[in-house]
Amino acid sequence: MRLSVKSSSISDSLTLAIDAKAKKMKSEGMDVVGFGAGEPDFDTPSFIKEAAKEALDRGMTRYTPVAGIAELKEAICRKFKEDNGLDYKPSQIIVSNGAKHSLYNAFQAILNPGDEVIIPSPYWLSYPELVRLADGVPVFVETREEDDFKLKPEDLKKAITPKTKALVINSPNNPCGCVYERAELQAIAEIAVENQLFVVSDEVYEAMVYDGLQHTSIASLGPEIKDLTIVVNGVSKTYAMTGWRVGYAAAHEDVVKVMSNVQSHTTSNPNSIAQYASLAALTGPKDEVKAMVAEFDTRRKFMVERINSIPGLSCRMPKGAFYVMMNISQVIGKTYKGRRIDGSLSFADALLDAQMVAVVPGVAFGADNFVRLSYAVSLDNIKKGLGRIEAFIKELE
Ligand code: PLP
């Protein structure tokens, strides 16, 4: 068929095959333990659901302004002020159908064909595809496990070319769980300002930071970097609202204007009811968020300790989000009942067949020596799943 070259070059998710197999096994009644979750395993707090019901009853069922209702944009401005020390006007805010949509709009707004976007690797797998959809070129910069997978200023500098237009920072990070500290962001911000690079700062895991760390938004480090940064955030992860599809971005007015134009011709406003629910989420009590993060923290510590107790496996202590990158490099080259483990995909496949445990192969994030485990999974299942992983590793030859 004569399909578009651009769209045909967008990869389907490498992880899909393992995920589809795990789902099929589950539907056949098998006791699969899934570590693939990319969303909180908690329900949306009830006061948020009530706000949605009220909005429905009040007849808030029509088109809203493209960039979102005024009350929500004002609440987002207050959130940025209180949580991030950032001053934005409502005209600098755009609400979209999830943070992923905000990212899509952002790349559409800033990229010309051939513009390069620096993406620290391992990376969340949608960034390169979102860049390609905007005719940009993703440029990956390797990070190291011993640096907690954080981008080093010297590596960033080396990757900059005359075509570099933007840089992606995702802190707290999916899949690595790293959280950039203020001084680290300061060094990156200086390079971005010097080279006049846009920074697309994906902060959707902001609420999930541990060990007393504080989330810092790179945009808060001075007026120049603020003008260059598109801050992306949303309600999905913080308020267990992944299905509601509300994300938002803050940036220079000129950028937001173009993002709004793109949105106006593609999706129009995000769902009106979900916007009222998000307003309640941002302005309401935070105790359920705190309880959820405390539960993630308990699971995180358990998971890390348990993984490191298994000979042949290891992981760092992640400081944010809800993922652990498990290092499988010591078992690569081994065999499971005659099947050679030559990377993260064959590891994940053999593990699923042998022990009914689903993990995400790191190759999907550009890191074939790792698999990603989510701890948005009950502690009981984490215990069960890691017991099975240990049994699997013991059987490798
Ligand atoms: N950014 C990162 C790093 C994510 O992991 C995700 C979801 O998995 C998103 C953005 C998208 O979030 P949303 O549900 O708001 O589109």
# chains A, B, ... in the order shown; residues from 1 in each chain; ligands from 1

call {"tool": "residues_near_ligand", "arguments": {"ligand": "ligand 1", "cutoff": "8 Å", "atoms": "only C-alpha atoms and all ligand atoms", "output": "list in words"}}
result
Gly38, Glu39, Asn97, Gly98, Ala99, Lys100, His101, Ser102, Leu103, Trp124, Asn170, Asn173, Asn174, Pro175, Asp202, Glu203, Val204, Tyr205, Asn233, Gly234, Val235, Ser236, Lys237, Met241, Thr242, Gly243, Arg245, Val246 and Gly247 of chain A

call {"tool": "residues_around", "arguments": {"residues": "range 286-302 of chain A", "least_positions_apart": "5", "cutoff": "12 Å", "atoms": "only C-alpha atoms", "output": "PyMOL selection string"}}
result
chain A and resi 39-48+177+205-212+235-241+280-281+307-309+315-325+373-383+386

call {"tool": "write_last_selection", "arguments": {"atoms": "N, CA and C atoms", "output": "short mmCIF file (atom, residue, chain, number, x, y, z; two decimals), in the first residue's frame"}}
result
data_model
loop_
_atom_site.label_atom_id
_atom_site.label_comp_id
_atom_site.auth_asym_id
_atom_site.auth_seq_id
_atom_site.Cartn_x
_atom_site.Cartn_y
_atom_site.Cartn_z
N GLU A 39 1.76 2.54 35.05
CA GLU A 39 0.79 3.45 35.71
C GLU A 39 0.56 2.99 37.13
N PRO A 40 0.18 3.93 38.02
CA PRO A 40 -0.07 3.55 39.41
C PRO A 40 -1.16 2.48 39.49
N ASP A 41 -0.99 1.53 40.41
CA ASP A 41 -2.00 0.48 40.59
C ASP A 41 -3.03 0.92 41.63
N PHE A 42 -3.30 2.22 41.70
CA PHE A 42 -4.28 2.76 42.64
C PHE A 42 -5.42 3.38 41.84
N ASP A 43 -6.56 3.49 42.49
CA ASP A 43 -7.70 4.13 41.84
C ASP A 43 -7.59 5.65 42.01
N THR A 44 -8.21 6.39 41.10
CA THR A 44 -8.28 7.85 41.23
C THR A 44 -9.01 8.20 42.54
N PRO A 45 -8.45 9.13 43.34
CA PRO A 45 -9.13 9.50 44.60
C PRO A 45 -10.59 9.89 44.36
N SER A 46 -11.45 9.53 45.33
CA SER A 46 -12.90 9.68 45.09
C SER A 46 -13.34 11.13 44.93
N PHE A 47 -12.65 12.07 45.61
CA PHE A 47 -13.11 13.47 45.47
C PHE A 47 -12.90 13.97 44.03
N ILE A 48 -11.95 13.37 43.34
CA ILE A 48 -11.71 13.75 41.94
C ILE A 48 -12.84 13.20 41.06
N GLY A 177 14.72 5.79 36.80
CA GLY A 177 14.43 6.15 38.18
C GLY A 177 15.36 7.20 38.75
N TYR A 205 6.74 12.54 36.58
CA TYR A 205 6.92 11.74 37.81
C TYR A 205 7.34 12.61 39.00
N GLU A 206 7.12 13.90 38.89
CA GLU A 206 7.54 14.86 39.92
C GLU A 206 7.19 14.43 41.35
N ALA A 207 5.98 13.89 41.53
CA ALA A 207 5.52 13.57 42.89
C ALA A 207 6.25 12.37 43.48
N MET A 208 6.85 11.54 42.61
CA MET A 208 7.46 10.30 43.09
C MET A 208 8.97 10.46 43.25
N VAL A 209 9.36 11.12 44.33
CA VAL A 209 10.78 11.22 44.68
C VAL A 209 10.94 10.72 46.11
N TYR A 210 12.08 10.08 46.37
CA TYR A 210 12.26 9.38 47.64
C TYR A 210 13.53 9.85 48.34
N ASP A 211 13.73 9.32 49.53
CA ASP A 211 14.95 9.58 50.33
C ASP A 211 15.11 11.08 50.62
N GLY A 212 13.99 11.78 50.75
CA GLY A 212 14.06 13.19 51.12
C GLY A 212 14.54 14.11 50.01
N VAL A 235 -1.59 14.94 35.13
CA VAL A 235 -2.23 14.37 36.32
C VAL A 235 -2.16 12.84 36.35
N SER A 236 -1.73 12.22 35.23
CA SER A 236 -1.78 10.76 35.11
C SER A 236 -1.13 10.02 36.27
N LYS A 237 0.14 10.34 36.52
CA LYS A 237 0.91 9.55 37.49
C LYS A 237 0.64 10.05 38.91
N THR A 238 0.66 11.37 39.09
CA THR A 238 0.53 11.93 40.44
C THR A 238 -0.80 11.56 41.09
N TYR A 239 -1.88 11.60 40.32
CA TYR A 239 -3.21 11.40 40.91
C TYR A 239 -3.85 10.09 40.45
N ALA A 240 -3.03 9.19 39.94
CA ALA A 240 -3.56 7.90 39.46
C ALA A 240 -4.72 8.15 38.49
N MET A 241 -4.45 8.96 37.47
CA MET A 241 -5.48 9.37 36.51
C MET A 241 -5.06 9.08 35.07
N ALA A 280 -9.97 19.66 40.26
CA ALA A 280 -10.15 19.17 41.63
C ALA A 280 -8.86 18.50 42.12
N ALA A 281 -8.21 17.74 41.26
CA ALA A 281 -6.98 17.04 41.64
C ALA A 281 -5.91 18.05 42.07
N ILE A 307 16.44 -7.92 44.58
CA ILE A 307 17.18 -8.13 43.31
C ILE A 307 18.67 -8.32 43.61
N ASN A 308 19.18 -7.44 44.48
CA ASN A 308 20.62 -7.51 44.76
C ASN A 308 21.00 -8.75 45.57
N SER A 309 20.00 -9.46 46.10
CA SER A 309 20.30 -10.71 46.83
C SER A 309 20.39 -11.90 45.86
N CYS A 315 20.99 -4.10 40.74
CA CYS A 315 20.35 -2.84 40.34
C CYS A 315 20.78 -1.73 41.29
N ARG A 316 20.64 -0.50 40.82
CA ARG A 316 20.90 0.68 41.65
C ARG A 316 19.62 1.01 42.39
N MET A 317 19.77 1.81 43.43
CA MET A 317 18.57 2.29 44.14
C MET A 317 18.01 3.49 43.38
N PRO A 318 16.85 3.35 42.72
CA PRO A 318 16.30 4.50 42.01
C PRO A 318 15.80 5.54 43.01
N LYS A 319 15.87 6.79 42.63
CA LYS A 319 15.47 7.87 43.55
C LYS A 319 14.10 8.44 43.23
N GLY A 320 13.53 8.01 42.11
CA GLY A 320 12.23 8.56 41.74
C GLY A 320 11.47 7.66 40.79
N ALA A 321 10.27 8.10 40.41
CA ALA A 321 9.33 7.36 39.54
C ALA A 321 8.97 6.02 40.19
N PHE A 322 8.61 4.99 39.40
CA PHE A 322 8.32 3.70 40.04
C PHE A 322 8.88 2.52 39.23
N TYR A 323 10.14 2.70 38.81
CA TYR A 323 10.78 1.67 38.01
C TYR A 323 12.17 1.34 38.55
N VAL A 324 12.56 0.07 38.34
CA VAL A 324 13.92 -0.36 38.65
C VAL A 324 14.52 -0.91 37.37
N MET A 325 15.74 -0.47 37.06
CA MET A 325 16.46 -1.04 35.92
C MET A 325 17.33 -2.18 36.47
N LEU A 373 11.68 -3.24 35.64
CA LEU A 373 10.61 -3.77 36.49
C LEU A 373 9.88 -2.58 37.12
N SER A 374 8.57 -2.62 37.04
CA SER A 374 7.78 -1.56 37.68
C SER A 374 7.38 -2.01 39.07
N TYR A 375 7.41 -1.09 40.03
CA TYR A 375 6.88 -1.45 41.34
C TYR A 375 5.50 -0.81 41.60
N ALA A 376 4.83 -0.49 40.51
CA ALA A 376 3.40 -0.15 40.63
C ALA A 376 2.62 -1.47 40.61
N VAL A 377 3.05 -2.36 41.47
CA VAL A 377 2.56 -3.73 41.55
C VAL A 377 2.52 -4.06 43.05
N SER A 378 1.54 -4.83 43.51
CA SER A 378 1.42 -5.07 44.96
C SER A 378 2.68 -5.75 45.52
N LEU A 379 2.93 -5.50 46.80
CA LEU A 379 4.11 -6.09 47.44
C LEU A 379 4.07 -7.61 47.37
N ASP A 380 2.89 -8.17 47.52
CA ASP A 380 2.76 -9.64 47.44
C ASP A 380 3.22 -10.15 46.07
N ASN A 381 2.79 -9.45 45.03
CA ASN A 381 3.20 -9.87 43.68
C ASN A 381 4.69 -9.62 43.44
N ILE A 382 5.20 -8.55 44.02
CA ILE A 382 6.64 -8.29 43.88
C ILE A 382 7.42 -9.45 44.51
N LYS A 383 6.97 -9.87 45.68
CA LYS A 383 7.65 -10.99 46.37
C LYS A 383 7.56 -12.26 45.52
N LEU A 386 9.67 -11.94 42.21
CA LEU A 386 11.12 -11.99 42.37
C LEU A 386 11.58 -13.37 42.82
#

call {"tool": "closest_residue", "arguments": {"among": "A:Thr61, A:Ser96, A:Thr161, A:Ser220", "to": "Val232 in chain A", "atoms": "only C-alpha atoms"}}
result
A:Ser96

call {"tool": "residues_around", "arguments": {"residues": "range 274-276 of chain A", "least_positions_apart": "4", "cutoff": "8 Å", "atoms": "only C-alpha atoms", "output": "PyMOL selection string"}}
result
chain A and resi 51-52+55+68-69+72+244-246+270+280

call {"tool": "closest_residue", "arguments": {"among": "A:Glu82, A:Glu390, A:Glu145, A:Asp87", "to": "Leu221 in chain A", "atoms": "only C-alpha atoms"}}
result
A:Asp87

call {"tool": "atom_distance", "arguments": {"atom1": "CA of Ile273 in chain A", "atom2": "CA of Ala109 in chain A"}}
result
26.8 Å

call {"tool": "closest_residue", "arguments": {"among": "A:Ala358, A:Cys77, A:Val137, A:Ile94", "to": "Ile119 in chain A", "atoms": "only C-alpha atoms"}}
result
A:Val137

call {"tool": "residues_around", "arguments": {"residues": "Ser7 in chain A", "least_positions_apart": "2", "cutoff": "10 Å", "atoms": "only C-alpha atoms", "output": "PDB file with N, CA and C atoms, in the first residue's frame"}}
result
ATOM      1  N   LEU A   3       1.531   3.922   1.669  1.00  0.00           N
ATOM      2  CA  LEU A   3       1.415   4.647   2.941  1.00  0.00           C
ATOM      3  C   LEU A   3       2.529   5.688   3.067  1.00  0.00           C
ATOM      4  N   SER A   4       2.371   6.599   4.007  1.00  0.00           N
ATOM      5  CA  SER A   4       3.377   7.656   4.126  1.00  0.00           C
ATOM      6  C   SER A   4       4.684   7.088   4.674  1.00  0.00           C
ATOM      7  N   VAL A   5       5.780   7.581   4.112  1.00  0.00           N
ATOM      8  CA  VAL A   5       7.105   7.108   4.535  1.00  0.00           C
ATOM      9  C   VAL A   5       7.317   7.449   6.007  1.00  0.00           C
ATOM     10  N   SER A   9       7.740   4.720   9.179  1.00  0.00           N
ATOM     11  CA  SER A   9       9.037   4.555   9.839  1.00  0.00           C
ATOM     12  C   SER A   9       8.911   4.605  11.361  1.00  0.00           C
ATOM     13  N   ILE A  10       7.719   4.891  11.851  1.00  0.00           N
ATOM     14  CA  ILE A  10       7.518   4.916  13.306  1.00  0.00           C
ATOM     15  C   ILE A  10       7.444   3.469  13.778  1.00  0.00           C
ATOM     16  N   SER A  11       8.336   3.132  14.720  1.00  0.00           N
ATOM     17  CA  SER A  11       8.393   1.723  15.119  1.00  0.00           C
ATOM     18  C   SER A  11       7.204   1.371  15.995  1.00  0.00           C
ATOM     19  N   GLU A 129      10.220   8.627  18.754  1.00  0.00           N
ATOM     20  CA  GLU A 129       9.137   8.572  17.758  1.00  0.00           C
ATOM     21  C   GLU A 129       8.419   9.920  17.669  1.00  0.00           C
ATOM     22  N   ARG A 132      10.599  12.060  15.592  1.00  0.00           N
ATOM     23  CA  ARG A 132      10.522  11.691  14.165  1.00  0.00           C
ATOM     24  C   ARG A 132       9.210  12.159  13.547  1.00  0.00           C
ATOM     25  N   LEU A 133       8.123  12.061  14.314  1.00  0.00           N
ATOM     26  CA  LEU A 133       6.821  12.518  13.795  1.00  0.00           C
ATOM     27  C   LEU A 133       6.852  14.007  13.453  1.00  0.00           C
TER      28      LEU A 133
END

call {"tool": "residues_around", "arguments": {"residues": "range 149-155 of chain A", "least_positions_apart": "3", "cutoff": "8 Å", "atoms": "only C-alpha atoms", "output": "JSON, numbers by chain"}}
result
{"A": [120, 121, 122, 141, 142, 143, 144, 145, 146, 158, 159, 176, 178, 180, 187, 188, 191]}

call {"tool": "write_last_selection", "arguments": {"atoms": "N, CA and C atoms", "output": "JSON list (two decimals), in the first residue's frame"}}
result
[["chain", "number", "residue", "atom", "x", "y", "z"],
["A", 120, "PRO", "N", 18.94, 11.73, 26.25],
["A", 120, "PRO", "CA", 19.81, 10.85, 27.05],
["A", 120, "PRO", "C", 19.26, 9.43, 27.03],
["A", 121, "SER", "N", 20.17, 8.46, 26.90],
["A", 121, "SER", "CA", 19.78, 7.05, 26.80],
["A", 121, "SER", "C", 20.31, 6.30, 28.01],
["A", 122, "PRO", "N", 19.53, 5.38, 28.60],
["A", 122, "PRO", "CA", 18.20, 4.88, 28.26],
["A", 122, "PRO", "C", 17.12, 5.98, 28.36],
["A", 141, "VAL", "N", 22.41, 10.15, 23.59],
["A", 141, "VAL", "CA", 23.66, 10.28, 24.34],
["A", 141, "VAL", "C", 23.63, 9.26, 25.46],
["A", 142, "GLU", "N", 24.61, 8.36, 25.42],
["A", 142, "GLU", "CA", 24.64, 7.28, 26.41],
["A", 142, "GLU", "C", 24.93, 7.83, 27.80],
["A", 143, "THR", "N", 24.20, 7.32, 28.77],
["A", 143, "THR", "CA", 24.54, 7.60, 30.17],
["A", 143, "THR", "C", 25.04, 6.29, 30.77],
["A", 144, "ARG", "N", 25.59, 6.36, 31.98],
["A", 144, "ARG", "CA", 26.18, 5.15, 32.59],
["A", 144, "ARG", "C", 25.46, 4.81, 33.87],
["A", 145, "GLU", "N", 25.39, 3.51, 34.10],
["A", 145, "GLU", "CA", 24.73, 3.06, 35.33],
["A", 145, "GLU", "C", 25.44, 3.64, 36.55],
["A", 146, "GLU", "N", 26.78, 3.68, 36.50],
["A", 146, "GLU", "CA", 27.51, 4.17, 37.67],
["A", 146, "GLU", "C", 27.28, 5.67, 37.93],
["A", 158, "LYS", "N", 29.55, 17.31, 23.81],
["A", 158, "LYS", "CA", 30.09, 16.59, 22.65],
["A", 158, "LYS", "C", 29.02, 16.28, 21.61],
["A", 159, "ALA", "N", 27.78, 16.16, 22.04],
["A", 159, "ALA", "CA", 26.71, 15.76, 21.12],
["A", 159, "ALA", "C", 26.11, 16.94, 20.36],
["A", 176, "CYS", "N", 14.86, 4.87, 34.17],
["A", 176, "CYS", "CA", 16.01, 4.67, 35.06],
["A", 176, "CYS", "C", 15.73, 4.98, 36.52],
["A", 178, "CYS", "N", 16.22, 7.78, 37.90],
["A", 178, "CYS", "CA", 17.13, 8.79, 38.45],
["A", 178, "CYS", "C", 16.43, 10.13, 38.61],
["A", 180, "TYR", "N", 17.55, 14.20, 38.83],
["A", 180, "TYR", "CA", 18.66, 15.16, 38.70],
["A", 180, "TYR", "C", 18.61, 16.15, 39.86],
["A", 187, "ALA", "N", 24.23, 22.87, 35.54],
["A", 187, "ALA", "CA", 25.30, 22.68, 34.54],
["A", 187, "ALA", "C", 24.70, 22.44, 33.15],
["A", 188, "ILE", "N", 23.63, 21.68, 33.10],
["A", 188, "ILE", "CA", 22.96, 21.41, 31.82],
["A", 188, "ILE", "C", 22.30, 22.68, 31.29],
["A", 191, "ILE", "N", 24.69, 25.03, 29.53],
["A", 191, "ILE", "CA", 25.02, 24.60, 28.16],
["A", 191, "ILE", "C", 23.85, 24.88, 27.21]]

call {"tool": "atom_distance", "arguments": {"atom1": "CA of Leu396 in chain A", "atom2": "CA of Met25 in chain A"}}
result
22.8 Å

call {"tool": "closest_residue", "arguments": {"among": "A:His252, A:Met356, A:Ala67, A:Gly333", "to": "Lys384 in chain A", "atoms": "only C-alpha atoms"}}
result
A:Met356

call {"tool": "closest_residue", "arguments": {"among": "A:Leu282, A:Met326, A:Leu351, A:Ala17", "to": "Asp83 in chain A", "atoms": "only C-alpha atoms"}}
result
A:Leu282

call {"tool": "residues_around", "arguments": {"residues": "Ile389 in chain A", "least_positions_apart": "3", "cutoff": "8 Å", "atoms": "only C-alpha atoms", "output": "ChimeraX atom specification"}}
result
/A:351,355,357,385-386,392-393

call {"tool": "write_last_selection", "arguments": {"atoms": "C-alpha atoms", "output": "PDB file, in the first residue's frame"}}
result
ATOM      1  CA  LEU A 351      11.520 -15.701  31.774  1.00  0.00           C
ATOM      2  CA  GLN A 355       8.215 -18.651  35.198  1.00  0.00           C
ATOM      3  CA  VAL A 357       6.909 -13.310  34.914  1.00  0.00           C
ATOM      4  CA  GLY A 385       7.625 -12.435  41.014  1.00  0.00           C
ATOM      5  CA  LEU A 386      11.123 -11.986  42.371  1.00  0.00           C
ATOM      6  CA  PHE A 392      14.809 -18.773  36.700  1.00  0.00           C
ATOM      7  CA  ILE A 393      18.332 -17.454  37.212  1.00  0.00           C
TER       8      ILE A 393
END

call {"tool": "closest_residue", "arguments": {"among": "A:Lys157, A:Ile310, A:Gln92, A:Ala37", "to": "Lys226 in chain A", "atoms": "only C-alpha atoms"}}
result
A:Gln92

call {"tool": "select_by_dssp", "arguments": {"residues": "range 67-285 of chain A", "states": "strand (DSSP E)", "output": "ChimeraX atom specification"}}
result
/A:93-96,116-121,137-142,164-170,198-202,229-234,247-250

call {"tool": "select_by_dssp", "arguments": {"residues": "range 241-377 of chain A", "states": "alpha helix (DSSP H)", "output": "JSON, numbers by chain"}}
result
{"A": [253, 254, 255, 256, 257, 258, 259, 260, 261, 262, 263, 264, 265, 266, 272, 273, 274, 275, 276, 277, 278, 279, 280, 281, 282, 283, 287, 288, 289, 290, 291, 292, 293, 294, 295, 296, 297, 298, 299, 300, 301, 302, 303, 304, 305, 306, 307, 308, 344, 345, 346, 347, 348, 349, 350, 351, 352, 353, 354, 355]}
